[in-house]
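Data from input15.txt: compact mmCIF, C-alpha atoms and all ligand atoms
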```
# COMPACT_ATOMS: atom_id res chain seq x y z
CA MET A 534 -30.23 -4.60 -74.92
CA THR A 535 -32.28 -1.54 -74.07
CA LYS A 536 -30.81 1.23 -71.99
CA LEU A 537 -32.84 0.27 -68.96
CA GLU A 538 -31.81 -3.35 -69.14
CA GLU A 539 -28.22 -2.24 -69.35
CA LEU A 540 -28.68 -0.08 -66.23
CA ARG A 541 -30.23 -2.99 -64.38
CA GLN A 542 -27.40 -5.31 -65.26
CA ASN A 543 -24.74 -2.75 -64.29
CA TYR A 544 -26.28 -1.92 -60.95
CA LEU A 545 -26.97 -5.54 -60.00
CA GLU A 546 -23.34 -6.33 -60.75
CA GLU A 547 -22.09 -3.37 -58.77
CA VAL A 548 -24.26 -4.36 -55.81
CA ASP A 549 -22.87 -7.85 -56.06
CA ARG A 550 -19.30 -6.59 -56.11
CA ALA A 551 -19.63 -4.26 -53.09
CA SER A 552 -17.53 -5.73 -50.32
CA SER A 553 -18.39 -3.34 -47.51
CA GLU A 554 -21.35 -1.33 -46.29
CA SER A 555 -19.73 1.92 -47.40
CA GLU A 556 -19.15 0.62 -50.94
CA LEU A 557 -22.77 -0.52 -51.07
CA GLU A 558 -23.89 2.91 -49.93
CA GLN A 559 -21.95 4.48 -52.81
CA VAL A 560 -23.82 2.23 -55.28
CA ARG A 561 -27.14 3.19 -53.69
CA VAL A 562 -26.39 6.92 -53.98
CA SER A 563 -25.30 6.63 -57.59
CA ALA A 564 -28.51 4.73 -58.51
CA LEU A 565 -31.22 5.94 -56.17
CA GLY A 566 -29.83 9.04 -54.45
CA LYS A 567 -31.25 12.51 -55.17
CA LYS A 568 -29.13 12.76 -58.30
CA GLY A 569 -28.92 9.02 -58.91
CA THR A 570 -29.30 7.68 -62.42
CA ILE A 571 -32.59 5.86 -61.78
CA THR A 572 -34.01 8.87 -59.86
CA LEU A 573 -33.21 11.14 -62.81
CA GLU A 574 -34.79 8.67 -65.24
CA LEU A 575 -37.95 8.60 -63.09
CA ARG A 576 -38.05 12.38 -63.12
CA LYS A 577 -38.03 12.40 -66.90
CA LEU A 578 -41.39 10.54 -66.91
CA GLY A 579 -43.21 13.85 -66.26
CA SER A 580 -42.12 15.33 -69.54
CA MET A 581 -42.98 12.25 -71.66
CA ASP A 582 -46.08 11.96 -73.76
CA PRO A 583 -48.73 9.60 -72.25
CA GLU A 584 -48.07 6.72 -74.64
CA GLN A 585 -44.37 6.67 -74.01
CA ARG A 586 -44.86 7.06 -70.23
CA LYS A 587 -47.24 4.10 -70.18
CA GLU A 588 -44.55 1.96 -71.70
CA ILE A 589 -41.53 3.21 -69.77
CA ALA A 590 -43.01 3.77 -66.28
CA PRO A 591 -43.57 0.08 -65.38
CA GLN A 592 -40.07 -0.83 -66.61
CA LEU A 593 -38.47 1.98 -64.61
CA ASN A 594 -40.43 1.05 -61.49
CA SER A 595 -39.46 -2.57 -61.69
CA LEU A 596 -35.83 -1.47 -62.18
CA LYS A 597 -36.06 0.68 -59.04
CA VAL A 598 -37.67 -2.13 -57.04
CA ASP A 599 -35.12 -4.69 -58.16
CA VAL A 600 -32.10 -2.48 -57.40
CA THR A 601 -33.57 -1.48 -54.00
CA GLN A 602 -34.16 -5.12 -53.10
CA ALA A 603 -30.73 -6.17 -54.26
CA ILE A 604 -29.16 -3.44 -52.11
CA SER A 605 -31.11 -4.39 -49.00
CA SER A 606 -30.41 -8.12 -49.29
CA LYS A 607 -26.73 -7.38 -49.96
CA LYS A 608 -26.71 -5.15 -46.87
CA GLU A 609 -28.05 -7.98 -44.75
CA ALA A 610 -25.43 -10.31 -46.15
CA LEU A 611 -22.67 -7.83 -45.37
CA VAL A 612 -23.88 -7.34 -41.78
CA ASP A 613 -24.01 -11.11 -41.31
CA LYS A 614 -20.52 -11.45 -42.74
CA GLU A 615 -19.15 -8.77 -40.42
CA LEU A 616 -20.75 -10.45 -37.42
CA GLU A 617 -19.35 -13.78 -38.51
CA GLU A 618 -15.86 -12.28 -38.77
CA GLN A 619 -16.20 -10.63 -35.37
CA LEU A 620 -17.31 -13.90 -33.83
CA GLN A 621 -14.28 -15.61 -35.31
CA LYS A 622 -11.92 -12.90 -34.07
CA GLU A 623 -13.37 -12.48 -30.60
CA TRP A 624 -13.70 -16.11 -29.88
CA LEU A 625 -13.92 -16.81 -26.20
CA ASP A 626 -13.77 -20.12 -24.41
CA VAL A 627 -16.03 -19.65 -21.43
CA THR A 628 -15.11 -23.07 -20.10
CA LEU A 629 -11.45 -22.09 -19.49
CA PRO A 630 -10.61 -21.90 -15.76
CA GLY A 631 -10.02 -18.31 -14.51
CA ARG A 632 -6.53 -17.03 -13.73
CA SER A 633 -6.28 -17.00 -9.98
CA ARG A 634 -4.48 -14.17 -8.22
CA ARG A 635 -1.75 -14.93 -5.74
CA GLN A 636 -2.80 -14.10 -2.23
CA GLY A 637 -0.59 -11.50 -0.55
CA SER A 638 0.78 -11.90 2.94
CA ILE A 639 1.20 -9.79 6.04
CA HIS A 640 4.76 -8.51 6.49
CA PRO A 641 6.49 -9.79 9.67
CA VAL A 642 6.96 -6.20 10.88
CA SER A 643 3.21 -5.54 10.56
CA GLN A 644 2.50 -8.78 12.36
CA THR A 645 4.97 -7.86 15.10
CA ILE A 646 3.35 -4.44 15.53
CA GLU A 647 -0.07 -6.09 15.84
CA GLN A 648 1.26 -8.53 18.40
CA ALA A 649 2.97 -5.82 20.46
CA VAL A 650 -0.18 -3.68 20.40
CA ALA A 651 -2.29 -6.66 21.49
CA ILE A 652 0.03 -7.41 24.43
CA PHE A 653 0.37 -3.83 25.67
CA SER A 654 -3.34 -3.13 25.20
CA ASP A 655 -4.03 -6.02 27.51
CA MET A 656 -1.89 -4.25 30.14
CA GLY A 657 -3.95 -1.08 29.78
CA PHE A 658 -1.77 0.90 27.36
CA SER A 659 -3.58 2.77 24.63
CA TYR A 660 -2.37 3.27 21.08
CA ALA A 661 -0.85 6.60 20.04
CA GLU A 662 0.65 7.98 16.85
CA GLY A 663 2.75 10.93 15.79
CA PRO A 664 3.96 12.43 12.51
CA GLN A 665 7.05 11.04 10.77
CA ILE A 666 8.14 14.56 9.87
CA GLU A 667 8.80 16.30 13.17
CA THR A 668 10.08 19.65 14.29
CA ASP A 669 13.39 19.39 16.05
CA TRP A 670 11.68 20.67 19.18
CA TYR A 671 9.59 17.51 19.51
CA ASN A 672 12.36 15.23 18.29
CA PHE A 673 15.13 16.72 20.47
CA ASP A 674 14.56 19.84 22.63
CA ALA A 675 11.49 18.64 24.48
CA LEU A 676 13.27 15.36 25.14
CA ASN A 677 15.98 17.19 27.08
CA MET A 678 18.34 17.42 24.11
CA PRO A 679 18.99 21.14 23.61
CA PRO A 680 20.68 22.24 20.33
CA GLU A 681 24.26 21.71 21.48
CA HIS A 682 23.63 18.36 23.13
CA PRO A 683 26.12 15.71 21.91
CA ALA A 684 23.40 13.04 21.72
CA ARG A 685 21.95 14.88 18.71
CA GLN A 686 25.01 13.94 16.68
CA GLU A 687 24.56 10.27 17.46
CA HIS A 688 21.18 10.22 15.77
CA ASP A 689 22.37 10.61 12.13
CA THR A 690 19.41 12.83 11.48
CA PHE A 691 17.81 13.47 8.08
CA PHE A 692 17.03 17.19 7.97
CA ILE A 693 14.30 18.62 5.78
CA LYS A 694 15.02 21.90 4.08
CA SER A 695 12.80 24.64 5.36
CA ASP A 696 11.98 27.49 2.93
CA SER A 697 10.30 29.83 5.31
CA LYS A 698 12.64 32.41 6.87
CA THR A 699 10.33 32.68 9.82
CA ALA A 700 10.38 28.97 10.62
CA LYS A 701 12.27 28.79 13.91
CA ASN A 702 13.02 25.10 13.81
CA PRO A 703 14.09 22.91 10.93
CA ASN A 704 12.00 19.84 10.32
CA VAL A 705 13.54 16.43 10.61
CA LEU A 706 12.49 12.89 9.82
CA ARG A 707 11.90 11.64 13.33
CA THR A 708 14.91 9.69 14.54
CA HIS A 709 12.92 7.80 17.17
CA THR A 710 9.34 7.37 18.38
CA SER A 711 10.09 9.28 21.60
CA PRO A 712 8.53 12.57 20.31
CA VAL A 713 5.16 10.79 20.55
CA GLN A 714 5.69 10.89 24.35
CA ILE A 715 5.71 14.68 24.17
CA ARG A 716 2.73 14.93 21.83
CA SER A 717 0.67 12.51 23.89
CA MET A 718 1.42 14.16 27.23
CA THR A 719 0.72 17.67 25.95
CA ASN A 720 -2.52 16.55 24.28
CA GLN A 721 -3.85 14.15 26.89
CA GLY A 722 -2.20 15.26 30.10
CA VAL A 723 -1.41 12.81 32.88
CA PRO A 724 -1.87 10.12 34.19
CA ILE A 725 -1.18 8.45 30.89
CA ARG A 726 -0.26 5.01 29.53
CA ILE A 727 0.49 4.81 25.81
CA ILE A 728 2.39 2.79 23.28
CA ALA A 729 3.34 4.24 19.91
CA PRO A 730 4.69 1.99 17.16
CA GLY A 731 5.94 3.49 13.91
CA ARG A 732 8.61 4.28 11.38
CA VAL A 733 11.77 6.15 12.29
CA TYR A 734 14.69 7.32 10.13
CA ARG A 735 18.45 7.51 10.46
CA CYS A 736 21.16 7.92 7.88
CA ASP A 737 22.76 4.48 8.29
CA TYR A 738 22.95 1.27 6.22
CA ASP A 739 24.50 -2.16 6.88
CA GLN A 740 23.42 -5.66 7.90
CA THR A 741 21.79 -4.42 11.10
CA HIS A 742 20.88 -0.83 10.10
CA THR A 743 18.52 0.55 7.45
CA PRO A 744 17.69 4.25 6.87
CA MET A 745 14.09 3.52 7.84
CA PHE A 746 13.22 1.13 10.63
CA HIS A 747 10.53 0.60 13.26
CA GLN A 748 10.31 1.31 16.95
CA ILE A 749 7.66 1.01 19.58
CA GLU A 750 7.62 3.63 22.30
CA GLY A 751 6.03 3.10 25.69
CA LEU A 752 5.18 5.73 28.28
CA ALA A 753 3.46 5.43 31.65
CA ILE A 754 3.12 8.42 33.96
CA ASP A 755 1.26 8.42 37.25
CA LYS A 756 1.91 9.34 40.87
CA HIS A 757 3.74 6.30 42.17
CA LEU A 758 5.25 4.49 39.21
CA ASN A 759 8.81 3.26 39.70
CA MET A 760 11.51 1.05 38.10
CA ALA A 761 9.86 -2.12 39.42
CA HIS A 762 6.74 -1.37 37.35
CA LEU A 763 8.97 -0.83 34.32
CA LYS A 764 10.76 -4.15 34.86
CA TRP A 765 7.54 -6.09 35.31
CA THR A 766 5.98 -4.52 32.21
CA LEU A 767 8.94 -5.38 30.01
CA GLU A 768 9.34 -8.90 31.37
CA GLU A 769 5.66 -9.58 30.93
CA PHE A 770 5.83 -8.27 27.39
CA CYS A 771 8.83 -10.43 26.46
CA ARG A 772 7.35 -13.56 28.01
CA THR A 773 4.16 -13.14 25.99
CA PHE A 774 5.80 -11.95 22.79
CA PHE A 775 8.50 -14.63 22.57
CA GLU A 776 6.12 -17.24 23.98
CA VAL A 777 8.66 -18.69 26.39
CA LYS A 778 8.04 -19.02 30.14
CA ASN A 779 11.50 -18.23 31.42
CA VAL A 780 12.53 -15.00 29.85
CA GLU A 781 15.47 -13.36 31.53
CA LEU A 782 16.17 -9.69 31.05
CA ARG A 783 19.34 -7.87 32.04
CA PHE A 784 19.06 -4.18 32.87
CA ARG A 785 22.37 -2.49 32.10
CA ALA A 786 22.95 1.05 33.38
CA SER A 787 23.09 3.41 30.43
CA HIS A 788 22.42 7.00 29.49
CA PHE A 789 19.63 8.71 27.60
CA PRO A 790 18.98 12.44 27.96
CA PHE A 791 15.23 11.87 28.41
CA THR A 792 15.44 9.34 31.26
CA GLU A 793 17.12 9.29 34.68
CA PRO A 794 18.10 6.65 35.62
CA SER A 795 18.43 4.98 32.23
CA ALA A 796 19.02 1.39 31.23
CA GLU A 797 19.56 -0.73 28.19
CA VAL A 798 17.89 -4.10 28.29
CA ASP A 799 19.35 -7.36 27.00
CA ILE A 800 17.54 -10.65 26.66
CA ARG A 801 19.15 -14.01 27.52
CA CYS A 802 19.51 -16.27 24.51
CA SER A 803 21.60 -18.94 22.87
CA TRP A 804 22.80 -19.70 19.38
CA GLU A 805 22.74 -23.41 18.62
CA LYS A 806 23.58 -24.54 15.11
CA ASP A 807 22.57 -21.12 13.82
CA GLN A 808 19.30 -21.50 15.69
CA LEU A 809 18.47 -18.74 18.13
CA LYS A 810 16.75 -19.67 21.38
CA ILE A 811 15.28 -17.05 23.67
CA GLY A 812 15.36 -17.53 27.44
CA GLU A 813 18.32 -19.92 27.73
CA GLY A 814 22.07 -20.02 27.10
CA ASN A 815 24.89 -17.61 27.79
CA ASP A 816 24.40 -14.91 25.18
CA TRP A 817 22.69 -11.58 25.59
CA LEU A 818 21.03 -9.48 22.89
CA GLU A 819 20.11 -5.85 23.33
CA ILE A 820 16.47 -5.14 22.53
CA LEU A 821 15.54 -1.79 24.02
CA GLY A 822 16.35 1.37 25.94
CA CYS A 823 14.34 2.59 28.91
CA GLY A 824 14.31 4.52 32.15
CA MET A 825 12.41 6.84 34.46
CA VAL A 826 11.21 9.89 32.57
CA HIS A 827 13.50 12.90 33.17
CA PRO A 828 11.88 15.82 35.10
CA ASN A 829 12.83 18.17 32.24
CA VAL A 830 10.73 16.11 29.82
CA LEU A 831 7.74 16.34 32.14
CA LYS A 832 8.27 20.11 32.47
CA ALA A 833 8.36 20.52 28.69
CA CYS A 834 4.86 19.02 28.66
CA ASN A 835 3.63 21.17 31.55
CA VAL A 836 3.52 18.21 33.90
CA ASP A 837 4.64 18.88 37.47
CA PRO A 838 7.62 16.54 38.20
CA ASP A 839 7.04 16.93 41.94
CA LYS A 840 3.63 15.32 41.59
CA TYR A 841 4.09 12.89 38.70
CA GLN A 842 6.67 10.38 37.64
CA GLY A 843 6.86 7.37 35.40
CA PHE A 844 8.78 5.25 32.96
CA ALA A 845 9.39 5.11 29.24
CA PHE A 846 10.95 2.66 26.84
CA GLY A 847 11.82 2.44 23.17
CA MET A 848 12.18 -0.92 21.49
CA GLY A 849 13.40 -1.89 18.02
CA LEU A 850 10.49 -3.70 16.37
CA ASP A 851 12.51 -5.04 13.46
CA ARG A 852 15.06 -6.38 15.92
CA ILE A 853 12.50 -8.34 17.95
CA ALA A 854 10.86 -9.61 14.74
CA MET A 855 14.29 -10.87 13.58
CA LEU A 856 14.79 -12.61 16.91
CA LYS A 857 11.36 -14.20 17.02
CA TYR A 858 11.30 -15.45 13.44
CA GLY A 859 15.01 -16.13 12.95
CA ILE A 860 15.51 -13.59 10.14
CA PRO A 861 19.24 -12.96 9.75
CA ASP A 862 19.47 -9.74 7.70
CA LEU A 863 17.54 -6.57 8.49
CA ARG A 864 17.89 -5.27 4.92
CA SER A 865 15.76 -8.13 3.60
CA PHE A 866 12.77 -6.62 5.45
CA PHE A 867 12.62 -3.76 2.99
CA GLU A 868 13.59 -5.38 -0.31
CA SER A 869 10.04 -6.47 -1.22
CA ASP A 870 11.31 -9.80 -2.52
CA ILE A 871 8.13 -11.75 -3.19
CA ARG A 872 9.79 -15.10 -2.28
CA TRP A 873 10.93 -13.67 1.06
CA LEU A 874 7.46 -12.28 1.75
CA ARG A 875 5.87 -15.63 0.94
CA HIS A 876 8.26 -17.38 3.29
CA TYR A 877 8.16 -15.00 6.25
CA GLY A 878 4.74 -13.43 5.71
CA PHE A 879 1.53 -14.22 7.56
CA LEU A 880 -1.96 -15.06 6.44
CA PRO A 881 -4.30 -12.09 6.69
CA VAL A 882 -6.60 -14.21 8.86
CA ASP A 883 -3.84 -14.67 11.44
CA VAL A 884 -4.90 -11.66 13.46
CA PRO A 885 -2.84 -11.64 16.64
CA SER A 886 -4.77 -11.80 19.87
CA LEU A 887 -3.79 -13.01 23.29
CA HIS A 888 -6.44 -15.73 23.56
CA SER A 889 -5.54 -17.26 20.17
CA GLY A 890 -1.87 -17.59 21.19
CA LEU A 891 -0.65 -14.57 19.18
CA SER A 892 -0.51 -16.70 15.96
CA LEU A 893 3.00 -18.01 15.62
N1 LIG A 901 14.70 6.87 21.77
C1 LIG A 901 15.77 5.94 22.07
C2 LIG A 901 16.50 5.57 20.79
O1 LIG A 901 15.95 5.65 19.74
C3 LIG A 901 15.23 4.72 22.73
C4 LIG A 901 14.70 4.99 24.08
C5 LIG A 901 15.53 4.91 25.19
C6 LIG A 901 13.38 5.35 24.25
C7 LIG A 901 15.07 5.15 26.45
C8 LIG A 901 12.89 5.62 25.52
C9 LIG A 901 13.76 5.51 26.62
O2 LIG A 901 11.61 5.96 25.74
O3 LIG A 901 13.26 5.74 27.86
O4 LIG A 901 17.63 5.17 20.85
```
What do you get writing this file as structure tokens?
Amino acid sequence: MTKLEELRQNYLEEVDRASSESELEQVRVSALGKKGTITLELRKLGSMDPEQRKEIAPQLNSLKVDVTQAISSKKEALVDKELEEQLQKEWLDVTLPGRSRRQGSIHPVSQTIEQAVAIFSDMGFSYAEGPQIETDWYNFDALNMPPEHPARQEHDTFFIKSDSKTAKNPNVLRTHTSPVQIRSMTNQGVPIRIIAPGRVYRCDYDQTHTPMFHQIEGLAIDKHLNMAHLKWTLEEFCRTFFEVKNVELRFRASHFPFTEPSAEVDIRCSWEKDQLKIGEGNDWLEILGCGMVHPNVLKACNVDPDKYQGFAFGMGLDRIAMLKYGIPDLRSFFESDIRWLRHYGFLPVDVPSLHSGLSL
């Protein structure tokens, strides 16, 4: 076997053996690269005498052509093989049905807020909001609860540490929605009619108390508003919200620093076989606090109490949601148990409105 034939055989075998593109590239460099064996042999042609060159040149060329062709067809084969492997690995059945996502639901508290807003809007109240982190001036002082007032202790307040030495008042997590009364009156002036639903915080936890819960605040100030307007507003609300004709409310004299006179309101109900019925029976359940706004509160908002007067109320939203939907434990509202949410939640399309019957 001549030297060239030996080279041909070796390279064709090596090409055949290469199992990846990088191995094949190594073979190509060693044969046809700048310093490859065949390249160096071709270079030698220049120094040969014409007779010898005539004999060797065609053999060398055919060797070069054969090795080049072998490399390129091997390369194609390797690319095909890789693609084939990839197709095997990344096999995808496009006929499989998609994985559907579970539809979420609207939390009963959100639904209750929407319902309350729809009802009060219909009576001409507009929607107001305030921050959940309040200064103690808005949360207490302006509501006729000066620093030493005993009612402050009853609120189980969460205080927020204040770094600044110049900060006069500590911040608190608002303990009720009543500070929105102050913010709304100082921003908008009077006459005013607002409702303000939102989160409030108190350091308390048992079957009927959670550290965060929801209230809705109402405020109406004008020249001639009195307790009768307050009673009608609350009765009308309860009748629409609980969707029973004969709602009976009991106004019990009470005390709040920000109202005078003040009342707590109970709703007539009955428990029958663990089933709660609103509007009948001999039981009463407390649902809210209310009263005529105290002159000191009006003064704190630069409203003249000799010219203006009105009423306010604060209602526990979680409490009325529990009553309406028969939910026994307040804590379950905030546990994010997906089974509970599926059971008590609402469809997103159930947007409460008065003409559609509030979506039960
Ligand atoms: N802020 C009171 C509370 O959280 C509830 C309340 C009572 C609000 C009487 C009022 C009101 O606006 O007039 O216990």
Could you check how far CA of Val777 in chain A sits from CA of Pro885 in chain A, in Å to one decimal?
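CA of Val777 in chain A sits 16.6 Å away from CA of Pro885 in chain A.
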Within-10 Å residues of ligand LIG 901 (chain A), basis all atoms listed in the file, as a PyMOL selection string
chain A and resi 672-673+676+684+687-688+707-714+733-735+747-752+787-798+820-827+844-849
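Comparing A:Asp862, A:Ile646, A:Ile604, A:Glu618 by their smallest distance to Gln559 in chain A, the closest is A:Ile604 (using only C-alpha atoms).
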Separation of CA of Phe770 in chain A from CA of Gly812 in chain A in Å
13.3 Å
Pick out the closest residue to Asn835 in chain A from this set: A:Pro744, A:Gly722, A:Ser580, A:His682. Count only C-alpha atoms.
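Among A:Pro744, A:Gly722, A:Ser580, A:His682, it is A:Gly722 that comes nearest to Asn835 in chain A.
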Mind giving me the straight-line distance from CA of Arg732 in chain A to CA of Glu662 in chain A in Å, one decimal?
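A separation of 10.3 Å between them.
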List every protein, DNA or RNA residue that has an atom no more than 10 Å from (13.2, -11.3, 32.1) in the file's coordinate frame, counting all atoms listed in the file, and report them as a PDB file with C-alpha atoms, keeping the file's coordinate frame.
```pdb
ATOM      1  CA  LYS A 764      10.760  -4.150  34.860  1.00  0.00           C
ATOM      2  CA  TRP A 765       7.540  -6.090  35.310  1.00  0.00           C
ATOM      3  CA  THR A 766       5.980  -4.520  32.210  1.00  0.00           C
ATOM      4  CA  LEU A 767       8.940  -5.380  30.010  1.00  0.00           C
ATOM      5  CA  GLU A 768       9.340  -8.900  31.370  1.00  0.00           C
ATOM      6  CA  GLU A 769       5.660  -9.580  30.930  1.00  0.00           C
ATOM      7  CA  PHE A 770       5.830  -8.270  27.390  1.00  0.00           C
ATOM      8  CA  CYS A 771       8.830 -10.430  26.460  1.00  0.00           C
ATOM      9  CA  ARG A 772       7.350 -13.560  28.010  1.00  0.00           C
ATOM     10  CA  LYS A 778       8.040 -19.020  30.140  1.00  0.00           C
ATOM     11  CA  ASN A 779      11.500 -18.230  31.420  1.00  0.00           C
ATOM     12  CA  VAL A 780      12.530 -15.000  29.850  1.00  0.00           C
ATOM     13  CA  GLU A 781      15.470 -13.360  31.530  1.00  0.00           C
ATOM     14  CA  LEU A 782      16.170  -9.690  31.050  1.00  0.00           C
ATOM     15  CA  ARG A 783      19.340  -7.870  32.040  1.00  0.00           C
ATOM     16  CA  PHE A 784      19.060  -4.180  32.870  1.00  0.00           C
ATOM     17  CA  VAL A 798      17.890  -4.100  28.290  1.00  0.00           C
ATOM     18  CA  ASP A 799      19.350  -7.360  27.000  1.00  0.00           C
ATOM     19  CA  ILE A 800      17.540 -10.650  26.660  1.00  0.00           C
ATOM     20  CA  ARG A 801      19.150 -14.010  27.520  1.00  0.00           C
ATOM     21  CA  GLY A 812      15.360 -17.530  27.440  1.00  0.00           C
TER      22      GLY A 812
END
```
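Minimum atom-to-atom distances from A:Val705, A:Leu758, A:Ile693, A:Val642 to Ile860 in chain A were compared using only C-alpha atoms, and the lowest value belongs to A:Val642.
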Using all atoms listed in the file, can you tell me which of A:Leu557, A:Ala753, A:Ala675, A:Asp739 comes closest to Arg726 in chain A?
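Result for the nearest residue to Arg726 in chain A: A:Ala753.
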As a VMD selection string, please: the residues near range 539-552 of chain A (cut-off 8 Å, all atoms listed in the file, same-chain neighbours under 4 positions excluded).
chain A and resid 534 to 535 556 to 557 560 564 596 600 603 to 604 607 611
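Using only C-alpha atoms, the protein and nucleic acid residues lying no more than 12 Å from Asp807 in chain A, apart from those fewer than 3 places from it along its own chain, are Ser803, Trp804, Lys810, Leu856, Gly859, Ile860 and Pro861 of chain A.
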Counting only C-alpha atoms, what is within 9 Å of range 869-876 of chain A, bar same-chain residues fewer than 6 positions away, as number ranges by chain?
A: 637-641
Rebuild range 548-564 of chain A to N, CA and C atoms - output it as a short mmCIF file (atom, residue, chain, number, x, y, z; two decimals), in the frame of the given file, please.
```cif
data_model
loop_
_atom_site.label_atom_id
_atom_site.label_comp_id
_atom_site.auth_asym_id
_atom_site.auth_seq_id
_atom_site.Cartn_x
_atom_site.Cartn_y
_atom_site.Cartn_z
N VAL A 548 -23.80 -3.98 -57.16
CA VAL A 548 -24.26 -4.36 -55.81
C VAL A 548 -23.55 -5.66 -55.40
N ASP A 549 -23.47 -6.57 -56.32
CA ASP A 549 -22.87 -7.85 -56.06
C ASP A 549 -21.39 -7.71 -55.66
N ARG A 550 -20.73 -6.76 -56.34
CA ARG A 550 -19.30 -6.59 -56.11
C ARG A 550 -18.96 -5.87 -54.78
N ALA A 551 -19.92 -5.07 -54.30
CA ALA A 551 -19.63 -4.26 -53.09
C ALA A 551 -19.19 -5.18 -51.94
N SER A 552 -18.03 -4.82 -51.36
CA SER A 552 -17.53 -5.73 -50.32
C SER A 552 -17.65 -5.15 -48.91
N SER A 553 -18.18 -3.89 -48.85
CA SER A 553 -18.39 -3.34 -47.51
C SER A 553 -19.65 -2.49 -47.54
N GLU A 554 -20.12 -2.14 -46.35
CA GLU A 554 -21.35 -1.33 -46.29
C GLU A 554 -21.14 0.02 -46.93
N SER A 555 -19.93 0.58 -46.82
CA SER A 555 -19.73 1.92 -47.40
C SER A 555 -19.69 1.84 -48.94
N GLU A 556 -19.12 0.78 -49.47
CA GLU A 556 -19.15 0.62 -50.94
C GLU A 556 -20.59 0.47 -51.43
N LEU A 557 -21.36 -0.30 -50.69
CA LEU A 557 -22.77 -0.52 -51.07
C LEU A 557 -23.54 0.80 -51.04
N GLU A 558 -23.22 1.62 -50.05
CA GLU A 558 -23.89 2.91 -49.93
C GLU A 558 -23.57 3.79 -51.15
N GLN A 559 -22.33 3.70 -51.62
CA GLN A 559 -21.95 4.48 -52.81
C GLN A 559 -22.80 4.05 -54.02
N VAL A 560 -23.00 2.73 -54.16
CA VAL A 560 -23.82 2.23 -55.28
C VAL A 560 -25.25 2.76 -55.15
N ARG A 561 -25.76 2.72 -53.90
CA ARG A 561 -27.14 3.19 -53.69
C ARG A 561 -27.28 4.66 -54.09
N VAL A 562 -26.30 5.49 -53.66
CA VAL A 562 -26.39 6.92 -53.98
C VAL A 562 -26.33 7.13 -55.50
N SER A 563 -25.44 6.38 -56.15
CA SER A 563 -25.30 6.63 -57.59
C SER A 563 -26.53 6.15 -58.38
N ALA A 564 -27.31 5.20 -57.80
CA ALA A 564 -28.51 4.73 -58.51
C ALA A 564 -29.77 5.43 -58.04
#
```
